[in-house]
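S.K.: I'm passing along structure-v1.txt; it holds compact mmCIF, C-alpha atoms.
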```
# COMPACT_ATOMS: atom_id res chain seq x y z
CA MET I 1 -16.90 52.15 34.24
CA THR I 2 -19.79 53.23 36.50
CA ILE I 3 -21.29 51.29 39.38
CA ALA I 4 -24.10 51.66 41.91
CA LYS I 5 -24.96 55.41 41.82
CA LYS I 6 -23.08 56.12 38.59
CA LYS I 7 -19.95 57.23 40.43
CA ARG I 8 -16.67 56.94 38.58
CA VAL I 9 -13.84 55.10 40.33
CA SER I 10 -10.13 54.97 39.64
CA PHE I 11 -7.95 51.86 39.71
CA SER I 12 -4.24 51.75 38.90
CA THR I 13 -3.21 49.03 36.47
CA GLY I 14 0.47 49.63 37.23
CA ILE I 15 1.15 50.28 33.52
CA ARG I 16 3.00 53.46 32.48
CA VAL I 17 2.81 54.73 28.89
CA ASN I 18 3.79 57.77 26.84
CA PRO I 19 0.79 60.16 26.89
CA LYS I 20 1.52 61.08 23.24
CA HIS I 21 0.78 57.52 22.22
CA TRP I 22 -2.53 57.25 24.10
CA ASN I 23 -5.90 57.17 22.30
CA THR I 24 -8.26 58.71 24.88
CA LYS I 25 -11.44 57.80 23.01
CA ALA I 26 -10.51 54.13 22.60
CA ALA I 27 -8.73 53.98 25.98
CA ARG I 28 -5.92 52.10 24.28
CA LEU I 29 -2.44 52.76 22.93
CA LYS I 30 -2.03 53.79 19.32
CA MET I 31 0.04 51.54 17.09
CA VAL I 32 3.38 53.39 16.82
CA ARG I 33 6.01 52.20 14.38
CA GLY I 34 8.67 50.15 16.14
CA LYS I 35 6.49 49.59 19.22
CA GLU I 36 3.73 47.47 17.69
CA LYS I 37 4.46 44.29 19.66
CA GLU I 38 4.99 46.09 23.00
CA TYR I 39 1.87 48.22 22.62
CA ARG I 40 -0.25 45.31 21.38
CA ASP I 41 0.70 43.36 24.51
CA ILE I 42 -0.17 46.35 26.73
CA ASN I 43 -3.53 46.75 24.98
CA LYS I 44 -4.23 43.07 25.61
CA ARG I 45 -3.47 43.57 29.32
CA LEU I 46 -5.80 46.57 29.42
CA ALA I 47 -8.50 44.54 27.69
CA ALA I 48 -8.07 41.87 30.38
CA PHE I 49 -8.63 44.48 33.11
CA SER I 50 -11.76 45.63 31.26
CA GLU I 51 -13.11 42.06 31.04
CA ILE I 52 -12.50 41.49 34.75
CA ALA I 53 -14.34 44.73 35.63
CA GLN I 54 -17.31 43.77 33.45
CA ASP I 55 -17.44 40.27 34.97
CA ILE I 56 -17.53 41.72 38.50
CA TYR I 57 -20.30 44.12 37.51
CA ILE I 58 -22.41 41.32 35.97
CA GLU I 59 -21.82 38.89 38.85
CA TYR I 60 -23.16 41.51 41.29
CA ASP I 61 -26.54 41.69 39.53
CA ASN I 62 -25.46 44.42 37.10
CA GLY I 63 -24.14 46.64 39.88
CA LYS I 64 -27.22 46.57 42.14
CA ARG I 65 -25.33 45.03 45.08
CA LEU I 66 -21.93 46.48 44.16
CA ASP I 67 -20.45 49.36 46.11
CA ARG I 68 -17.23 51.21 45.34
CA ASN I 69 -15.04 49.46 47.92
CA THR I 70 -16.24 45.99 46.98
CA PHE I 71 -15.63 46.69 43.30
CA LEU I 72 -12.07 47.96 43.87
CA GLU I 73 -11.34 45.09 46.23
CA GLN I 74 -12.57 42.46 43.76
CA LEU I 75 -10.69 44.11 40.91
CA ALA I 76 -7.47 44.06 42.96
CA TYR I 77 -7.95 40.38 43.85
CA ARG I 78 -8.86 39.17 40.38
CA SER I 79 -6.15 41.14 38.58
CA GLY I 80 -3.47 39.78 40.90
CA ARG I 81 -2.65 43.18 42.42
CA LYS I 82 -3.64 41.97 45.89
CA ASP I 83 -3.93 38.56 47.60
CA PRO I 84 -7.45 37.80 48.83
CA PRO I 85 -7.95 36.97 52.52
CA ARG I 86 -8.12 33.31 53.47
CA SER I 87 -10.17 31.44 56.05
CA ALA I 88 -10.80 27.73 56.48
CA ALA I 89 -13.66 26.48 54.27
CA THR I 90 -16.14 24.32 56.18
CA THR I 91 -18.48 23.42 53.29
CA LEU I 92 -18.07 22.50 49.63
CA PHE I 93 -19.58 25.83 48.55
CA GLY I 94 -17.25 27.73 50.89
CA PHE I 95 -14.28 25.96 49.38
CA ILE I 96 -15.43 26.56 45.79
CA GLU I 97 -15.70 30.30 46.43
CA GLN I 98 -12.14 30.39 47.75
CA PHE I 99 -10.88 28.15 44.95
CA ILE I 100 -12.34 30.40 42.26
CA GLU I 101 -10.92 33.55 43.89
CA THR I 102 -7.47 31.92 43.99
CA GLU I 103 -7.69 30.91 40.32
CA GLN I 104 -8.76 34.42 39.32
CA SER I 105 -5.89 36.05 41.21
CA LYS I 106 -3.14 33.95 39.61
CA PRO I 107 -0.86 35.96 37.29
CA THR I 108 -1.23 33.17 34.71
CA ALA I 109 -5.01 32.90 35.15
CA LYS I 110 -6.96 32.16 31.98
CA ARG I 111 -10.39 33.77 31.85
CA GLY I 112 -11.94 30.79 30.08
CA THR I 113 -10.89 28.46 32.90
CA TRP I 114 -12.25 30.37 35.88
CA LYS I 115 -15.38 31.35 33.96
CA LYS I 116 -16.01 27.61 33.59
CA TYR I 117 -15.65 27.18 37.36
CA ILE I 118 -18.13 30.01 38.00
CA THR I 119 -20.64 28.48 35.57
CA VAL I 120 -20.50 25.07 37.26
CA PHE I 121 -20.71 26.68 40.72
CA ASN I 122 -23.86 28.52 39.63
CA HIS I 123 -25.39 25.22 38.49
CA LEU I 124 -24.59 23.64 41.85
CA ARG I 125 -26.10 26.58 43.76
CA GLU I 126 -29.28 26.51 41.67
CA PHE I 127 -29.57 22.76 42.16
CA ALA I 128 -29.10 23.10 45.92
CA ALA I 129 -31.73 25.87 46.05
CA ASP I 130 -34.20 23.64 44.18
CA GLN I 131 -33.49 20.96 46.80
CA GLY I 132 -34.27 23.44 49.57
CA LYS I 133 -30.63 23.78 50.65
CA GLU I 134 -28.52 26.90 51.08
CA SER I 135 -25.28 25.00 50.52
CA LEU I 136 -23.80 21.58 49.76
CA ASP I 137 -21.33 19.91 52.08
CA PHE I 138 -18.52 17.58 51.05
CA SER I 139 -20.50 14.60 52.36
CA ASP I 140 -23.43 15.48 50.06
CA ILE I 141 -21.48 14.39 46.96
CA ASN I 142 -22.60 10.77 46.74
CA TRP I 143 -24.41 8.47 44.30
CA GLU I 144 -27.81 9.91 45.17
CA PHE I 145 -26.48 13.41 44.44
CA ARG I 146 -25.09 12.21 41.10
CA SER I 147 -28.43 10.76 40.00
CA GLN I 148 -30.48 13.76 41.12
CA PHE I 149 -28.04 16.34 39.74
CA ILE I 150 -27.80 14.72 36.29
CA ASN I 151 -31.61 14.42 36.06
CA TRP I 152 -31.86 18.08 37.10
CA LEU I 153 -29.40 19.10 34.36
CA TYR I 154 -31.39 17.15 31.76
CA SER I 155 -34.76 18.54 32.87
CA PRO I 156 -36.38 21.67 31.34
CA PRO I 157 -35.75 24.55 31.29
CA ARG I 158 -32.06 23.55 31.36
CA SER I 159 -32.19 20.56 28.99
CA HIS I 160 -28.40 20.18 28.90
CA SER I 161 -26.78 17.88 26.39
CA GLN I 162 -25.08 14.75 27.68
CA ASN I 163 -21.68 16.25 26.89
CA ASN I 164 -22.43 19.46 28.79
CA ALA I 165 -23.64 17.44 31.77
CA ALA I 166 -20.45 15.35 31.57
CA LYS I 167 -18.31 18.51 31.71
CA ILE I 168 -20.24 19.83 34.72
CA ILE I 169 -19.80 16.54 36.59
CA THR I 170 -16.08 16.55 35.74
CA VAL I 171 -15.60 20.04 37.19
CA THR I 172 -17.62 19.09 40.30
CA LYS I 173 -15.27 16.14 40.80
CA GLN I 174 -12.34 18.55 40.36
CA PHE I 175 -13.69 20.75 43.17
CA MET I 176 -13.90 17.69 45.43
CA SER I 177 -10.41 16.57 44.46
CA GLU I 178 -8.84 19.97 45.14
CA ALA I 179 -10.57 20.16 48.54
CA GLY I 180 -9.42 16.64 49.35
CA LYS I 181 -5.81 17.57 48.60
CA ARG I 182 -6.13 20.31 51.22
CA GLY I 183 -7.40 17.85 53.82
CA LEU I 184 -10.88 19.38 53.99
CA HIS I 185 -12.74 16.06 53.64
CA SER I 186 -12.24 12.31 53.34
CA ASN I 187 -15.10 11.57 50.92
CA THR I 188 -13.87 9.43 47.99
CA ILE I 189 -17.23 8.35 46.54
CA TYR I 190 -16.81 10.78 43.62
CA ASN I 191 -13.72 8.80 42.54
CA GLN I 192 -15.57 5.50 42.24
CA THR I 193 -15.91 3.91 38.81
CA GLY I 194 -18.92 5.22 36.92
CA PHE I 195 -19.44 8.37 38.97
CA GLY I 196 -18.50 10.46 35.98
CA LEU I 197 -20.65 10.70 32.86
CA ARG I 198 -19.60 9.31 29.49
CA ARG I 199 -19.50 11.76 26.61
CA THR I 200 -21.38 10.96 23.41
CA LYS I 201 -20.39 11.55 19.80
CA VAL I 202 -22.13 14.58 18.30
CA LYS I 203 -21.86 16.63 15.13
CA ASN I 204 -22.88 20.19 15.90
CA LYS I 205 -20.26 22.10 13.95
CA VAL I 206 -19.47 22.18 10.26
CA ARG I 207 -16.37 22.41 8.14
CA LEU I 208 -15.92 23.76 4.64
CA THR I 209 -14.19 21.61 2.00
CA PHE I 210 -11.34 22.94 -0.14
CA ALA I 211 -13.82 23.33 -3.02
CA GLU I 212 -16.17 25.39 -0.85
CA LEU I 213 -13.26 27.53 0.37
CA GLU I 214 -12.27 28.21 -3.24
CA ASP I 215 -15.84 29.36 -3.96
CA LEU I 216 -15.72 31.50 -0.82
CA ALA I 217 -12.44 33.12 -1.90
CA ALA I 218 -13.75 33.76 -5.42
CA VAL I 219 -16.98 35.58 -4.51
CA ASP I 220 -16.81 39.35 -5.12
CA LEU I 221 -17.62 41.18 -1.90
CA SER I 222 -16.02 44.53 -2.77
CA ASP I 223 -19.41 46.27 -2.47
CA THR I 224 -19.73 45.13 1.17
CA PRO I 225 -16.33 45.71 2.84
CA ARG I 226 -17.46 44.38 6.24
CA LEU I 227 -18.27 41.00 4.68
CA GLU I 228 -15.10 41.04 2.60
CA ARG I 229 -12.97 41.57 5.72
CA VAL I 230 -14.73 38.77 7.58
CA ARG I 231 -14.39 36.40 4.61
CA ASP I 232 -10.66 37.12 4.43
CA LEU I 233 -10.21 36.56 8.17
CA PHE I 234 -12.09 33.27 7.94
CA LEU I 235 -9.76 32.09 5.18
CA VAL I 236 -6.79 33.00 7.41
CA GLY I 237 -8.19 30.60 10.00
CA CYS I 238 -8.83 27.91 7.39
CA PHE I 239 -5.20 27.98 6.21
CA THR I 240 -3.45 28.38 9.56
CA GLY I 241 -5.53 26.18 11.86
CA ALA I 242 -5.25 28.91 14.51
CA ARG I 243 -7.99 29.81 16.96
CA PHE I 244 -9.82 33.13 16.55
CA SER I 245 -7.93 34.53 19.55
CA ASP I 246 -4.64 34.00 17.67
CA TRP I 247 -5.59 35.44 14.28
CA HIS I 248 -4.32 38.90 15.22
CA LYS I 249 -0.85 37.35 15.63
CA VAL I 250 -0.65 36.69 11.91
CA SER I 251 1.61 39.64 11.08
CA ARG I 252 4.92 40.42 9.38
CA GLU I 253 6.92 40.06 12.61
CA HIS I 254 5.80 36.43 12.92
CA ILE I 255 7.00 35.40 9.46
CA LEU I 256 10.15 33.26 9.13
CA LYS I 257 12.06 33.17 5.84
CA GLU I 258 13.17 29.63 4.93
CA PRO I 259 14.67 28.13 1.73
CA GLU I 260 11.48 26.08 1.29
CA GLY I 261 9.32 29.19 1.64
CA GLU I 262 7.82 31.41 4.32
CA LEU I 263 6.70 30.01 7.68
CA LEU I 264 4.37 31.56 10.24
CA GLN I 265 5.17 31.12 13.94
CA ILE I 266 2.55 31.71 16.63
CA VAL I 267 2.54 31.25 20.39
CA THR I 268 -1.05 30.24 21.07
CA LYS I 269 -3.08 32.17 23.63
CA LYS I 270 -5.03 29.23 25.04
CA VAL I 271 -2.21 26.79 25.87
CA GLY I 272 0.94 28.84 25.21
CA ASN I 273 2.34 26.41 22.63
CA ARG I 274 4.60 27.57 19.81
CA VAL I 275 3.35 26.39 16.42
CA VAL I 276 4.91 26.87 13.00
CA ILE I 277 2.74 26.81 9.87
CA PRO I 278 3.60 27.08 6.14
CA VAL I 279 2.39 30.30 4.53
CA PHE I 280 0.11 28.98 1.79
CA PRO I 281 -0.49 31.14 -1.32
CA ILE I 282 -4.03 32.12 -0.30
CA LEU I 283 -2.75 33.22 3.14
CA LYS I 284 0.13 35.13 1.54
CA GLY I 285 -2.33 36.94 -0.74
CA ILE I 286 -4.51 38.04 2.18
CA LEU I 287 -1.51 39.21 4.23
CA ASP I 288 -0.24 41.27 1.28
CA LYS I 289 -3.74 42.67 0.72
CA TYR I 290 -3.86 44.07 4.26
CA GLU I 291 -0.14 44.85 4.47
CA TYR I 292 0.21 42.34 7.31
CA GLN I 293 -2.25 44.24 9.54
CA LEU I 294 -5.34 42.03 9.57
CA PRO I 295 -8.75 43.60 10.33
CA ASP I 296 -9.88 43.71 13.96
CA ILE I 297 -13.43 42.59 14.75
CA SER I 298 -15.27 41.19 17.77
CA ILE I 299 -16.11 37.49 17.87
CA GLN I 300 -19.83 38.34 18.07
CA LYS I 301 -19.83 40.41 14.88
CA PHE I 302 -17.57 37.92 13.13
CA ASN I 303 -19.90 34.99 13.80
CA ALA I 304 -22.89 37.01 12.59
CA TYR I 305 -21.22 38.31 9.41
CA ILE I 306 -19.60 35.02 8.35
CA LYS I 307 -23.07 33.47 8.19
CA GLU I 308 -24.11 36.20 5.75
CA VAL I 309 -21.08 35.42 3.59
CA CYS I 310 -21.63 31.68 3.65
CA GLN I 311 -25.32 32.08 2.86
CA LEU I 312 -24.25 33.54 -0.50
CA VAL I 313 -21.86 30.66 -1.26
CA LEU I 314 -23.40 27.68 0.56
CA LYS I 315 -27.09 28.45 0.11
CA ASP I 316 -27.82 24.95 -1.27
CA SER I 317 -25.53 23.04 1.08
CA GLN I 318 -26.95 21.04 3.99
CA PHE I 319 -25.60 18.67 6.62
CA GLN I 320 -26.96 16.25 9.19
CA ARG I 321 -26.61 17.65 12.67
CA ILE I 322 -26.31 15.09 15.46
CA TYR I 323 -26.81 16.61 18.90
CA SER I 324 -27.86 15.81 22.45
CA LYS I 325 -30.63 17.58 24.37
CA GLY I 326 -31.88 16.57 27.78
CA GLY I 327 -29.60 13.54 27.61
CA GLN I 328 -31.21 12.30 24.37
CA THR I 329 -29.35 12.04 21.04
CA LYS I 330 -31.24 13.68 18.18
CA THR I 331 -30.66 14.37 14.47
CA GLU I 332 -31.85 17.01 12.04
CA ILE I 333 -30.98 18.32 8.56
CA VAL I 334 -29.90 21.97 8.67
CA GLU I 335 -28.49 24.53 6.28
CA LYS I 336 -24.70 24.50 6.52
CA TRP I 337 -24.34 28.30 6.44
CA GLU I 338 -26.50 28.61 9.57
CA ARG I 339 -23.94 26.65 11.61
CA VAL I 340 -20.74 28.32 10.37
CA SER I 341 -18.74 30.24 12.99
CA SER I 342 -15.12 31.18 13.61
CA HIS I 343 -14.43 27.67 14.91
CA ALA I 344 -15.43 26.18 11.55
CA ALA I 345 -12.20 27.63 10.12
CA ARG I 346 -9.96 25.63 12.47
CA ARG I 347 -12.03 22.47 11.98
CA SER I 348 -11.85 22.94 8.20
CA PHE I 349 -8.06 23.21 8.37
CA ALA I 350 -7.65 19.97 10.34
CA SER I 351 -10.25 18.01 8.35
CA ASN I 352 -9.17 19.13 4.87
CA PHE I 353 -5.46 18.59 5.31
CA TRP I 354 -5.93 15.19 6.95
CA GLU I 355 -8.20 14.19 4.06
CA ALA I 356 -5.49 15.42 1.67
CA GLY I 357 -3.02 12.96 3.21
CA ILE I 358 -1.20 14.97 5.89
CA PRO I 359 -0.53 12.59 8.84
CA ALA I 360 -2.49 13.25 12.01
CA ALA I 361 0.76 13.42 14.01
CA LEU I 362 1.90 16.45 11.99
CA LEU I 363 -1.46 18.20 12.12
CA MET I 364 -1.62 17.67 15.88
CA GLN I 365 1.53 19.78 16.20
CA ILE I 366 -0.57 22.71 14.94
CA THR I 367 -4.00 21.92 16.41
CA GLY I 368 -2.54 21.07 19.81
CA HIS I 369 -4.47 17.82 20.33
CA ALA I 370 -2.68 15.59 22.82
CA THR I 371 -3.84 12.25 21.39
CA GLU I 372 -4.97 10.91 18.03
CA LYS I 373 -8.24 9.91 19.69
CA GLN I 374 -8.93 13.57 20.51
CA PHE I 375 -7.89 14.63 17.02
CA PHE I 376 -10.18 12.18 15.21
CA GLU I 377 -13.09 13.11 17.47
CA TYR I 378 -12.46 16.75 16.51
CA ILE I 379 -12.20 16.58 12.72
CA ASP I 380 -15.28 16.34 10.53
CA ILE I 381 -14.66 13.06 8.70
CA SER I 382 -17.34 10.47 8.04
CA GLN I 383 -16.66 6.73 8.24
CA GLU I 384 -16.90 6.56 4.44
CA GLN I 385 -14.32 9.35 4.03
CA ALA I 386 -12.03 7.68 6.56
CA ALA I 387 -12.32 4.36 4.68
CA ARG I 388 -11.49 6.03 1.35
CA GLN I 389 -8.49 7.78 2.89
CA PHE I 390 -7.29 4.51 4.43
CA ALA I 391 -7.65 2.71 1.08
CA LYS I 392 -5.69 5.46 -0.70
CA MET I 393 -2.83 5.41 1.80
CA ALA I 394 -2.81 1.60 2.00
CA LEU I 395 -2.46 1.33 -1.80
CA GLU I 396 0.51 3.70 -1.72
CA VAL I 397 2.16 1.52 0.96
CA LEU I 398 1.52 -1.65 -1.06
CA LYS I 399 2.93 -0.07 -4.25
CA LYS I 400 6.16 0.76 -2.45
CA ARG I 401 6.49 -2.88 -1.37
CA GLU I 402 6.18 -4.19 -4.95
```
Could you render the structure as structure tokens?

M.R.:
Amino acid sequence: MTIAKKKRVSFSTGIRVNPKHWNTKAARLKMVRGKEKEYRDINKRLAAFSEIAQDIYIEYDNGKRLDRNTFLEQLAYRSGRKDPPRSAATTLFGFIEQFIETEQSKPTAKRGTWKKYITVFNHLREFAADQGKESLDFSDINWEFRSQFINWLYSPPRSHSQNNAAKIITVTKQFMSEAGKRGLHSNTIYNQTGFGLRRTKVKNKVRLTFAELEDLAAVDLSDTPRLERVRDLFLVGCFTGARFSDWHKVSREHILKEPEGELLQIVTKKVGNRVVIPVFPILKGILDKYEYQLPDISIQKFNAYIKEVCQLVLKDSQFQRIYSKGGQTKTEIVEKWERVSSHAARRSFASNFWEAGIPAALLMQITGHATEKQFFEYIDISQEQAARQFAKMALEVLKKRE
């Protein structure tokens, strides 16, 4: 990576590898037989270093304010190679900066978590600047702040949804709570009833039914290999319920042989849970097709290409989108293919198998939802579909009692 005046810098990751197995062009290890798991894990660690370096570069105005020493120092802190210096925080903003640095330097740090903290901190700083303030103190977080901040989030050009605003308020309350635990303030207004913001029910994302997935699997894409690979990966997600970040784990080494058939075991990246999933015929066919080495593609390209695929199959399919903008709930009819992304695969898995009669408690073991309330808010099931499913299951119960 280059910074400031295009000078190259060196940073030790602490990882030692066999030079024969190194791909200089890709800056990653080659997949060597017998070392696939070890080398895949190392490549993931190297990718994490790369993401951290890019984040630092972007946060410092694309390198304009970033010198060599600052870059190396931040990289050492955020990768956990060095503990950042500590001083007592005297303001809320001072504490948030320290809190984020601590979260980034943890060996178990998850990028998605501290990126969320940075996003909320940026909102707070922009809000303070619009109020003519350089910083916010702990005592500034009161009911007047809540009202003004929420209205600011709803106002153009931000026009946040109610759910986004609710998340931002929740993280702000978390900052206050963490500071309070450290004895930095005695303000408890943020904990009063109603200070948070209630989330509203929306329907922004789609799911594909089993019938639509069958049509998707049947379409001939052999003339466009990039679309064929993406279609196959999407079907993997639809029949495993795994997140996009875990699809690469669907390989031969994760298959368990059981008398009832093959099972797939995955330790999820996001929460670290171990899940076990039956290997359905369509999944088995795709794994055999790629010899258990699924295609590798970025999330950006995947989400662009899967829309092309679905436009071929779902060109006449529409759905009612319910969304929130500027705190107002709105509806519109949109083409289903326009809204399909990698996440639609996981939602399709949960929705389709629940509709087919699989109990929510079993599906939650795979999706990772902690409560049935969360699960039913997640799946794409209308009230009419839920009523039909209830009637079907209730009749089966009544028949058994006869």

S.K.: I'd like the interatomic distance between atom CA of Phe93 of chain I and atom CA of Gly326 of chain I, to a tenth of an Å.

M.R.: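 Atom CA of Gly326 of chain I lies at a distance of 25.9 Å from atom CA of Phe93 of chain I.
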
S.K.: Compile the contact shell of segment 116-130 of chain I as a PyMOL selection string: residues with an atom at most 10 Å away, counting all atoms listed in the file, same-chain residues fewer than 4 positions apart removed.

M.R.: chain I and resi 59+93+96-97+99-101+103+111-112+134-136+148-149+152-153+158+165+167-172+174-175

S.K.: How far is it from atom CA of Lys205 of chain I to atom CA of Asn303 of chain I, in Å with one decimal?

M.R.: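 Separation of atom CA of Lys205 of chain I and atom CA of Asn303 of chain I: 12.9 Å.
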
S.K.: Please report the interatomic distance between atom CA of Asn151 of chain I and atom CA of Gly327 of chain I in Å with one decimal.

M.R.: 8.7 Å

S.K.: Looking at all atoms listed in the file, which of I:Ala166, I:Met176, I:Lys44, I:Arg229 is the one that sits closest to Lys289 of chain I?

M.R.: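 Closest candidate: I:Arg229.
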
S.K.: Between I:Val206, I:Glu144, I:Lys269, I:Pro278, single out the one closest to Gln320 of chain I, counting only C-alpha atoms.

M.R.: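 Residue with the minimum atom-to-atom distance to Gln320 of chain I: I:Val206.
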
S.K.: Out of I:Lys284, I:Arg207, I:Arg146, I:Arg252, which residue has the shortest atom-to-atom distance to Ala345 of chain I when counting only C-alpha atoms?

M.R.: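 Result for the nearest residue to Ala345 of chain I: I:Arg207.
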
S.K.: Give me the residues within 10 Å of Asp137 of chain I as a PyMOL selection string, counting all atoms listed in the file and dropping any in the same chain fewer than 2 places off.

M.R.: chain I and resi 90-95+135+139-141+185

S.K.: Using only C-alpha atoms for the distances, tell me which of I:Val17, I:Val236, I:Ala370, I:Ala218 is nearest to Glu38 of chain I.

M.R.: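 Among the listed residues, I:Val17 lies closest to Glu38 of chain I.
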
S.K.: If we count all atoms listed in the file, what is near Leu221 of chain I at a cut-off of 12 Å, once residues fewer than 4 positions away on the same chain are taken out, given as a list in words?

M.R.: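 Those residues are Leu216, Ala217, Pro225, Arg226, Leu227, Glu228, Arg229, Val230, Arg231, Asp232, Glu308, Val309, Cys310, Leu312 and Val313 of chain I.
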
S.K.: Counting all atoms listed in the file, what is within 12 Å of Ile286 of chain I, bar same-chain residues fewer than 4 positions away, as a PDB file with C-alpha atoms, in the coordinates of the input?

M.R.:
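Result file out_8.pdb:
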```pdb
ATOM      1  CA  ALA I 217     -12.440  33.120  -1.900  1.00  0.00           C
ATOM      2  CA  GLU I 228     -15.100  41.040   2.600  1.00  0.00           C
ATOM      3  CA  ARG I 229     -12.970  41.570   5.720  1.00  0.00           C
ATOM      4  CA  VAL I 230     -14.730  38.770   7.580  1.00  0.00           C
ATOM      5  CA  ARG I 231     -14.390  36.400   4.610  1.00  0.00           C
ATOM      6  CA  ASP I 232     -10.660  37.120   4.430  1.00  0.00           C
ATOM      7  CA  LEU I 233     -10.210  36.560   8.170  1.00  0.00           C
ATOM      8  CA  PHE I 234     -12.090  33.270   7.940  1.00  0.00           C
ATOM      9  CA  LEU I 235      -9.760  32.090   5.180  1.00  0.00           C
ATOM     10  CA  VAL I 236      -6.790  33.000   7.410  1.00  0.00           C
ATOM     11  CA  GLY I 237      -8.190  30.600  10.000  1.00  0.00           C
ATOM     12  CA  PHE I 239      -5.200  27.980   6.210  1.00  0.00           C
ATOM     13  CA  VAL I 250      -0.650  36.690  11.910  1.00  0.00           C
ATOM     14  CA  SER I 251       1.610  39.640  11.080  1.00  0.00           C
ATOM     15  CA  VAL I 279       2.390  30.300   4.530  1.00  0.00           C
ATOM     16  CA  PHE I 280       0.110  28.980   1.790  1.00  0.00           C
ATOM     17  CA  PRO I 281      -0.490  31.140  -1.320  1.00  0.00           C
ATOM     18  CA  ILE I 282      -4.030  32.120  -0.300  1.00  0.00           C
ATOM     19  CA  TYR I 290      -3.860  44.070   4.260  1.00  0.00           C
ATOM     20  CA  GLU I 291      -0.140  44.850   4.470  1.00  0.00           C
ATOM     21  CA  TYR I 292       0.210  42.340   7.310  1.00  0.00           C
ATOM     22  CA  GLN I 293      -2.250  44.240   9.540  1.00  0.00           C
ATOM     23  CA  LEU I 294      -5.340  42.030   9.570  1.00  0.00           C
ATOM     24  CA  PRO I 295      -8.750  43.600  10.330  1.00  0.00           C
TER      25      PRO I 295
END
```

S.K.: So which residues touch Trp354 of chain I within 10 Å, counting all atoms listed in the file, skipping near sequence neighbours fewer than 3 positions away, as a PyMOL selection string?

M.R.: chain I and resi 348-351+357-363+376+379+381+386+389

S.K.: Quick one: 5 Å padding each side, axis-aligned, all listed atoms of segment 144-147 of chain I - centre and edge lengths in Å to one decimal, as lines of an AutoDock Vina configuration file?

M.R.:
```
center_x = -26.8
center_y = 11.7
center_z = 42.6
size_x = 13.3
size_y = 13.5
size_z = 15.2
```

S.K.: Nearest residue to Ala242 of chain I out of I:Arg346, I:Thr224, I:Asn164, I:Tyr190, using only C-alpha atoms?

M.R.: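 Closest to Ala242 of chain I, using only C-alpha atoms: I:Arg346.
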
S.K.: Using all atoms listed in the file, which of the listed residues (I:Lys392, I:Lys115, I:Gly241, I:Val32) sits closest to His369 of chain I?

M.R.: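 Ranked by minimum distance to His369 of chain I, first place goes to I:Gly241.
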
S.K.: Every residue with an atom at most 7 Å from (-6.0, 47.9, 26.0) (file coordinates; only C-alpha atoms) is what I'm after, so could you write them as a PyMOL selection string?

M.R.: chain I and resi 27-29+42-47

S.K.: Write out, as an mmCIF file, in the coordinates of the input, the residues just selected, with C-alpha atoms.

M.R.:
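The resulting file, result09.cif, is shown below:
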```
data_model
loop_
_atom_site.group_PDB
_atom_site.id
_atom_site.type_symbol
_atom_site.label_atom_id
_atom_site.label_comp_id
_atom_site.auth_asym_id
_atom_site.auth_seq_id
_atom_site.Cartn_x
_atom_site.Cartn_y
_atom_site.Cartn_z
ATOM 1 C CA ALA I 27 -8.730 53.980 25.980
ATOM 2 C CA ARG I 28 -5.920 52.100 24.280
ATOM 3 C CA LEU I 29 -2.440 52.760 22.930
ATOM 4 C CA ILE I 42 -0.170 46.350 26.730
ATOM 5 C CA ASN I 43 -3.530 46.750 24.980
ATOM 6 C CA LYS I 44 -4.230 43.070 25.610
ATOM 7 C CA ARG I 45 -3.470 43.570 29.320
ATOM 8 C CA LEU I 46 -5.800 46.570 29.420
ATOM 9 C CA ALA I 47 -8.500 44.540 27.690
#
```

S.K.: Atoms are missing here; could segment 98-105 of chain I be completed with N, CA and C atoms and written as a PDB file, keeping the file's coordinate frame?

M.R.:
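Okay, this is what ended up in out_2.pdb:
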```
ATOM      1  N   GLN I  98     -13.557  30.087  47.549  1.00  0.00           N
ATOM      2  CA  GLN I  98     -12.140  30.390  47.750  1.00  0.00           C
ATOM      3  C   GLN I  98     -11.297  29.909  46.570  1.00  0.00           C
ATOM      4  N   PHE I  99     -11.633  28.729  46.067  1.00  0.00           N
ATOM      5  CA  PHE I  99     -10.880  28.150  44.950  1.00  0.00           C
ATOM      6  C   PHE I  99     -10.965  29.045  43.717  1.00  0.00           C
ATOM      7  N   ILE I 100     -12.163  29.537  43.424  1.00  0.00           N
ATOM      8  CA  ILE I 100     -12.340  30.400  42.260  1.00  0.00           C
ATOM      9  C   ILE I 100     -11.587  31.714  42.436  1.00  0.00           C
ATOM     10  N   GLU I 101     -11.652  32.309  43.632  1.00  0.00           N
ATOM     11  CA  GLU I 101     -10.920  33.550  43.890  1.00  0.00           C
ATOM     12  C   GLU I 101      -9.425  33.351  43.696  1.00  0.00           C
ATOM     13  N   THR I 102      -8.898  32.208  44.154  1.00  0.00           N
ATOM     14  CA  THR I 102      -7.470  31.920  43.990  1.00  0.00           C
ATOM     15  C   THR I 102      -7.113  31.791  42.523  1.00  0.00           C
ATOM     16  N   GLU I 103      -7.950  31.082  41.750  1.00  0.00           N
ATOM     17  CA  GLU I 103      -7.690  30.910  40.320  1.00  0.00           C
ATOM     18  C   GLU I 103      -7.720  32.252  39.593  1.00  0.00           C
ATOM     19  N   GLN I 104      -8.645  33.121  39.975  1.00  0.00           N
ATOM     20  CA  GLN I 104      -8.760  34.420  39.320  1.00  0.00           C
ATOM     21  C   GLN I 104      -7.571  35.322  39.619  1.00  0.00           C
ATOM     22  N   SER I 105      -6.974  35.156  40.793  1.00  0.00           N
ATOM     23  CA  SER I 105      -5.890  36.050  41.210  1.00  0.00           C
ATOM     24  C   SER I 105      -4.520  35.601  40.719  1.00  0.00           C
TER      25      SER I 105
END
```
